[in-house]
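Peer 1: I'd like to ask you about the structure that follows.
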Amino acid sequence: MIVFDKLVSLCKRRGFIFSGSSIYGGLANSFDYGFLGVELKNNIKQAWWKKFVQTRDDMIGIDAAIFMNPKVWEASGHLQNFTDPLADCKKCHERFRQDLVPIEHSTTCGGELTDVRNFNLMFKTTLGPVEGEGSVVYLRPELAQAMFVDFKELYETYRLSVPFGVAQIGKAFRNEITTGNFIFRTREFDLAEFEYFVEPDKWEHWFNYWLKEMEDWIAELGIKKDETYLHEIPDGDRAHYSKRTIDIEYQYPFGMKELYGLACRSDFDLKNHEKYSGKDLKYKNLSTGANFLPYVIEPTFGIDRSVFAVLASAYSEEEAPTTEEGESDTRVVLKIPKHLAPIKVAILPLSKKQPLIDSAKDIASELRKHFTVLYDETQSIGRRYRRQDEIGTPYCITIDFETSNDGCITVRDRDTMRQERKNITELKDYLQYLLNQA
Ligand code: GAP
């Protein structure tokens, strides 16, 4: 089995991510995140928010409504330009993005394709009980527009001076023609992005600055530089609003594809919102007399693609000592960076007998106040270690028959498999120290 299949199967088996609505036969390309998946995803979102918002003095965050006045999408150019070229197969009636007609289709079906037409990717729905033109709204295909529409209100309220950024994390929706490759391209996904407003003649400086910051972030996800590629998008291929775009691509198990994007949107969006709303959106600084439409640098991060890339980079198979049951000598380990790991500590009593169980449960409930903890007393210790390795738990704590005499437990490290004996009284601080070190 190739790594891609193994990873998808692990995600399903261990409850990270699985197909949604499965009791009804599923729904094409909809995925549900289970407990381990949502912990991982939330840890990524929190780390992102901390790095790009909370630890900076030039960034604020917002959480805007998904539905916006439809004029927003007219002004932004999405109604006209947010399209993919679509062609239908005249024989099997399947729909393809013109640039992505799969080889299997050309060889197996061989049907002729219709002329290409542009298909708008925005989901359309109606607000309230009355259907009609006046009630049409769209599910946002990107988060950025709220940052432009709220620009003036935000910089005035928070007395912000250019350069500054506005960040947001939330759901985005696109009626993709071709989905697939697990959570790589879905019709609803989590996005994290910010709009960084700068003086127009400084945009190149800030573009390079944010590229470097994005690369630092990628390293924090445990992704190696040689797993990524910077793809400069040529003229004619860029989104309608972009003056310059670099896609940061990642070597997914199915090929090198986009992970994140960095774009210079110039004053395209603010200028159009001025035009369509009739409101003055210029940035004014009373102390310097500045009065202009800023340029915008936009780093954008797909959160589901981040989850995918973290899992794929972390997945490893290693030679390992055979278990007591004489089982396979390969251990699967998710070497997820420790600060992102869904479960930080597993509590494993060596036997189901007393006083081990009570003592193990007490330790678990004490540590649960500080870390995500999983308690497991079933099957052999070898199997339990393997189960924790497979979900990326950095530390396993074993409680043995000596524990009640010497007050000590054993801490086992996921990556080195080294074991250390520690006193229960110093356990919490020790784990905190180890997790902070990572
Ligand atoms: N505001 C800019 C913007 O939306 P984009 O390149 O169209 O730019 C941003 O999308 C990011 O969203 C991409 O870099 C990718 O990580 C993620 N993304 C885009 N379409 C996606 C889809 N259908 N499923 C999952 N993630 C997607």
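Just so we're on the same page: first chain in the structure tokens is A, next is B, and so on; residues restart at 1 for each chain, and ligands are numbered from 1 in the order they show up.
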If you take only C-alpha atoms and a cut-off of 12 Å, which residues of region 293-399 of chain A touch region 28-37 of chain A, and what are their nearest atom pairs and distances in Å to one decimal, in chain and number order, as a tab-separated table?
Peer 2:
```
residue	atom	partner	partner_atom	distance
A:Ile303	CA	A:Gly37	CA	11.9
A:Asp304	CA	A:Gly37	CA	10.2
A:Ser306	CA	A:Gly37	CA	11.9
A:Val307	CA	A:Gly37	CA	8.3
A:Phe308	CA	A:Gly37	CA	10.3
A:Val310	CA	A:Gly37	CA	11.5
A:Leu311	CA	A:Gly37	CA	10.1
A:Leu340	CA	A:Leu36	CA	10.9
A:Ala341	CA	A:Leu36	CA	8.8
A:Pro342	CA	A:Leu36	CA	5.5
A:Ile343	CA	A:Leu36	CA	7.5
A:Lys344	CA	A:Leu36	CA	11.1
A:Thr372	CA	A:Leu36	CA	10.4
A:Val373	CA	A:Leu36	CA	11.5
A:Leu374	CA	A:Leu36	CA	10.9
A:Gln388	CA	A:Leu36	CA	11.6
A:Glu390	CA	A:Leu36	CA	11.5
A:Ile391	CA	A:Leu36	CA	8.0
A:Gly392	CA	A:Leu36	CA	9.9
A:Thr393	CA	A:Leu36	CA	10.5
```
Peer 1: Given the selection you just returned, output its residues as a file containing N, CA and C atoms, formatted as a JSON list (two decimals), in the first residue's frame.
Peer 2:
```json
[["chain", "number", "residue", "atom", "x", "y", "z"],
["A", 303, "ILE", "N", -6.37, 25.37, 6.21],
["A", 303, "ILE", "CA", -6.13, 24.63, 7.47],
["A", 303, "ILE", "C", -6.21, 23.12, 7.23],
["A", 304, "ASP", "N", -7.16, 22.69, 6.40],
["A", 304, "ASP", "CA", -7.26, 21.24, 6.14],
["A", 304, "ASP", "C", -6.02, 20.74, 5.40],
["A", 306, "SER", "N", -3.16, 22.04, 5.81],
["A", 306, "SER", "CA", -2.12, 22.01, 6.85],
["A", 306, "SER", "C", -2.19, 20.69, 7.61],
["A", 307, "VAL", "N", -3.43, 20.30, 7.96],
["A", 307, "VAL", "CA", -3.60, 19.02, 8.69],
["A", 307, "VAL", "C", -3.03, 17.88, 7.86],
["A", 308, "PHE", "N", -3.38, 17.88, 6.57],
["A", 308, "PHE", "CA", -2.91, 16.83, 5.67],
["A", 308, "PHE", "C", -1.38, 16.81, 5.62],
["A", 310, "VAL", "N", 0.80, 18.08, 7.75],
["A", 310, "VAL", "CA", 1.40, 17.70, 9.05],
["A", 310, "VAL", "C", 1.37, 16.17, 9.18],
["A", 311, "LEU", "N", 0.23, 15.57, 8.87],
["A", 311, "LEU", "CA", 0.11, 14.11, 8.99],
["A", 311, "LEU", "C", 1.05, 13.39, 8.02],
["A", 340, "LEU", "N", 1.67, 20.19, 18.64],
["A", 340, "LEU", "CA", 0.47, 19.99, 17.83],
["A", 340, "LEU", "C", -0.20, 18.63, 18.08],
["A", 341, "ALA", "N", 0.50, 17.74, 18.75],
["A", 341, "ALA", "CA", -0.01, 16.37, 18.93],
["A", 341, "ALA", "C", -1.38, 16.40, 19.61],
["A", 342, "PRO", "N", -2.35, 15.61, 19.11],
["A", 342, "PRO", "CA", -3.70, 15.66, 19.69],
["A", 342, "PRO", "C", -3.73, 15.19, 21.14],
["A", 343, "ILE", "N", -3.04, 14.10, 21.44],
["A", 343, "ILE", "CA", -2.95, 13.63, 22.83],
["A", 343, "ILE", "C", -1.50, 13.83, 23.26],
["A", 344, "LYS", "N", -1.31, 14.47, 24.40],
["A", 344, "LYS", "CA", 0.06, 14.75, 24.84],
["A", 344, "LYS", "C", 0.62, 13.62, 25.71],
["A", 372, "THR", "N", -3.86, 17.15, 27.26],
["A", 372, "THR", "CA", -4.83, 16.16, 26.78],
["A", 372, "THR", "C", -4.27, 14.79, 27.13],
["A", 373, "VAL", "N", -5.08, 14.00, 27.85],
["A", 373, "VAL", "CA", -4.60, 12.72, 28.40],
["A", 373, "VAL", "C", -5.49, 11.60, 27.91],
["A", 374, "LEU", "N", -4.87, 10.46, 27.61],
["A", 374, "LEU", "CA", -5.65, 9.28, 27.25],
["A", 374, "LEU", "C", -5.25, 8.15, 28.21],
["A", 388, "GLN", "N", -0.25, 4.21, 20.76],
["A", 388, "GLN", "CA", 0.03, 5.64, 21.01],
["A", 388, "GLN", "C", 0.98, 6.21, 19.96],
["A", 390, "GLU", "N", 1.13, 5.37, 16.92],
["A", 390, "GLU", "CA", 0.36, 5.53, 15.69],
["A", 390, "GLU", "C", -0.48, 6.81, 15.68],
["A", 391, "ILE", "N", -0.80, 7.34, 16.85],
["A", 391, "ILE", "CA", -1.57, 8.60, 16.88],
["A", 391, "ILE", "C", -0.69, 9.78, 17.31],
["A", 392, "GLY", "N", 0.61, 9.51, 17.45],
["A", 392, "GLY", "CA", 1.55, 10.61, 17.68],
["A", 392, "GLY", "C", 1.64, 11.12, 19.10],
["A", 393, "THR", "N", 1.26, 10.29, 20.10],
["A", 393, "THR", "CA", 1.32, 10.73, 21.51],
["A", 393, "THR", "C", 2.79, 10.83, 21.96]]
```
Peer 1: Please find the residues contacting ligand 1 at a distance of at most 9 Å between atoms, with only C-alpha atoms and all ligand atoms counted, and report them as a PyMOL selection string.
Peer 2: chain A and resi 141-145+172-176+178-179+183-195+239+247-249+258-263+298-306
Peer 1: Can you pull out the residues contacting Trp206 (chain A)? Cut-off 9 Å, using only C-alpha atoms, and skip same-chain residues under 4 positions away; I want them as a PyMOL selection string.
Peer 2: chain A and resi 196+198+202+210-211+297
Peer 1: Mind writing the picked residues with all heavy atoms as an mmCIF file, in the first residue's frame?
Peer 2:
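Result written to result-v1.cif:
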```cif
data_model
loop_
_atom_site.group_PDB
_atom_site.id
_atom_site.type_symbol
_atom_site.label_atom_id
_atom_site.label_comp_id
_atom_site.auth_asym_id
_atom_site.auth_seq_id
_atom_site.Cartn_x
_atom_site.Cartn_y
_atom_site.Cartn_z
ATOM 1 N N TYR A 196 -2.683 42.327 4.990
ATOM 2 C CA TYR A 196 -1.704 43.217 5.625
ATOM 3 C C TYR A 196 -1.620 44.493 4.789
ATOM 4 O O TYR A 196 -1.220 44.459 3.629
ATOM 5 C CB TYR A 196 -0.358 42.498 5.713
ATOM 6 C CG TYR A 196 0.588 43.142 6.689
ATOM 7 C CD1 TYR A 196 0.397 42.984 8.069
ATOM 8 C CD2 TYR A 196 1.662 43.904 6.252
ATOM 9 C CE1 TYR A 196 1.256 43.589 8.978
ATOM 10 C CE2 TYR A 196 2.526 44.502 7.153
ATOM 11 C CZ TYR A 196 2.312 44.336 8.516
ATOM 12 O OH TYR A 196 3.168 44.932 9.423
ATOM 13 N N VAL A 198 -0.361 48.038 3.605
ATOM 14 C CA VAL A 198 0.954 48.691 3.585
ATOM 15 C C VAL A 198 0.930 49.926 2.681
ATOM 16 O O VAL A 198 0.028 50.100 1.850
ATOM 17 C CB VAL A 198 2.048 47.714 3.072
ATOM 18 C CG1 VAL A 198 2.099 46.454 3.928
ATOM 19 C CG2 VAL A 198 1.822 47.336 1.602
ATOM 20 N N LYS A 202 5.853 50.273 -0.679
ATOM 21 C CA LYS A 202 6.631 49.335 0.155
ATOM 22 C C LYS A 202 6.168 47.893 -0.039
ATOM 23 O O LYS A 202 6.563 47.004 0.724
ATOM 24 C CB LYS A 202 6.477 49.707 1.641
ATOM 25 C CG LYS A 202 6.866 51.137 1.967
ATOM 26 C CD LYS A 202 7.901 51.182 3.094
ATOM 27 C CE LYS A 202 8.506 52.540 3.305
ATOM 28 N NZ LYS A 202 7.652 53.529 3.922
ATOM 29 N N TRP A 210 6.721 38.576 4.386
ATOM 30 C CA TRP A 210 5.704 37.578 4.734
ATOM 31 C C TRP A 210 6.015 36.202 4.154
ATOM 32 O O TRP A 210 5.649 35.177 4.741
ATOM 33 C CB TRP A 210 4.301 38.065 4.338
ATOM 34 C CG TRP A 210 3.804 39.091 5.318
ATOM 35 C CD1 TRP A 210 3.537 40.401 5.080
ATOM 36 C CD2 TRP A 210 3.571 38.885 6.724
ATOM 37 N NE1 TRP A 210 3.143 41.036 6.237
ATOM 38 C CE2 TRP A 210 3.159 40.123 7.275
ATOM 39 C CE3 TRP A 210 3.677 37.793 7.596
ATOM 40 C CZ2 TRP A 210 2.847 40.292 8.626
ATOM 41 C CZ3 TRP A 210 3.365 37.957 8.952
ATOM 42 C CH2 TRP A 210 2.960 39.193 9.440
ATOM 43 N N LEU A 211 6.735 36.185 3.045
ATOM 44 C CA LEU A 211 7.150 34.895 2.492
ATOM 45 C C LEU A 211 8.057 34.182 3.500
ATOM 46 O O LEU A 211 7.898 32.991 3.779
ATOM 47 C CB LEU A 211 7.881 35.102 1.154
ATOM 48 C CG LEU A 211 8.329 33.835 0.456
ATOM 49 C CD1 LEU A 211 7.140 32.912 0.171
ATOM 50 C CD2 LEU A 211 9.052 34.159 -0.857
ATOM 51 N N ILE A 297 -0.971 42.940 1.192
ATOM 52 C CA ILE A 297 -0.260 41.666 1.039
ATOM 53 C C ILE A 297 -1.105 40.625 1.768
ATOM 54 O O ILE A 297 -1.497 40.844 2.915
ATOM 55 C CB ILE A 297 1.159 41.716 1.666
ATOM 56 C CG1 ILE A 297 1.964 42.883 1.089
ATOM 57 C CG2 ILE A 297 1.886 40.389 1.468
ATOM 58 C CD1 ILE A 297 2.187 42.828 -0.397
#
```
Peer 1: Which neighbours of Lys243 (chain A) fall inside 7 Å, counting only C-alpha atoms, when residues of the same chain fewer than 4 positions from it are skipped, and could you give them as an MDAnalysis selection string?
Peer 2: chainID A and resid 264:266
Peer 1: Rounded to one decimal, what separation in Å do you get between CA of Pro129 (chain A) and CA of Ile66 (chain A)?
Peer 2: 18.6 Å
Peer 1: To one decimal place in Å, what is the distance between CA of Lys338 (chain A) and CA of Pro394 (chain A)?
Peer 2: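 If I compute the distance from CA of Lys338 (chain A) to CA of Pro394 (chain A), I get 6.2 Å.
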Peer 1: Looking only at alpha helix (DSSP H) from DSSP on the backbone, list the matching residues of region 80-196 of chain A as a list in words.
Peer 2: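 Matching residues, listed in order: Gln80, Asn81, Ile103, Glu104, Ala144, Gln145, Ala146, Met147, Phe148, Val149, Phe151, Lys152, Glu153, Leu154, Tyr155, Glu156 and Thr157 of chain A.
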Peer 1: Nearest to Lys257 (chain A) among A:Tyr229, A:Phe123, A:Tyr24, A:Phe207, with distances taken over only C-alpha atoms: which residue is it?
Peer 2: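 Checking each of A:Tyr229, A:Phe123, A:Tyr24, A:Phe207 against Lys257 (chain A), counting only C-alpha atoms, the winner is A:Tyr229.
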Peer 1: Quick one: residues within 6 Å of region 395-408 of chain A, only C-alpha atoms, excluding same-chain residues fewer than 3 positions away - as number ranges by chain?
Peer 2: A: 345-350, 411-414, 422-424
Peer 1: Can you tell me which residues surround Tyr155 (chain A) at a distance of at most 10 Å, considering only C-alpha atoms, apart from same-chain residues fewer than 5 positions away, and format the answer as an MDAnalysis selection string?
Peer 2: chainID A and resid 60 150 160:162 164:166 283:284
Peer 1: Which residues are close to Glu112 (chain A), i.e. within 7 Å by only C-alpha atoms, leaving aside same-chain residues fewer than 3 positions away? Reply as a list in words.
Peer 2: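 Once the nearby chain positions are removed, what remains is Cys89, Lys90 and Lys91 of chain A.
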Peer 1: Go through A:Met214, A:Leu86, A:Leu334, A:Ile233 and flag the residue nearest Leu40 (chain A), using only C-alpha atoms for the distances.
Peer 2: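 Closest to Leu40 (chain A) of all the choices is A:Leu334.
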Peer 1: A:Gly20, A:Pro337, A:Pro200, A:Gly128: which is nearest Ile223 (chain A), counting only C-alpha atoms?
Peer 2: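 Smallest distance to Ile223 (chain A) is found for A:Pro337.
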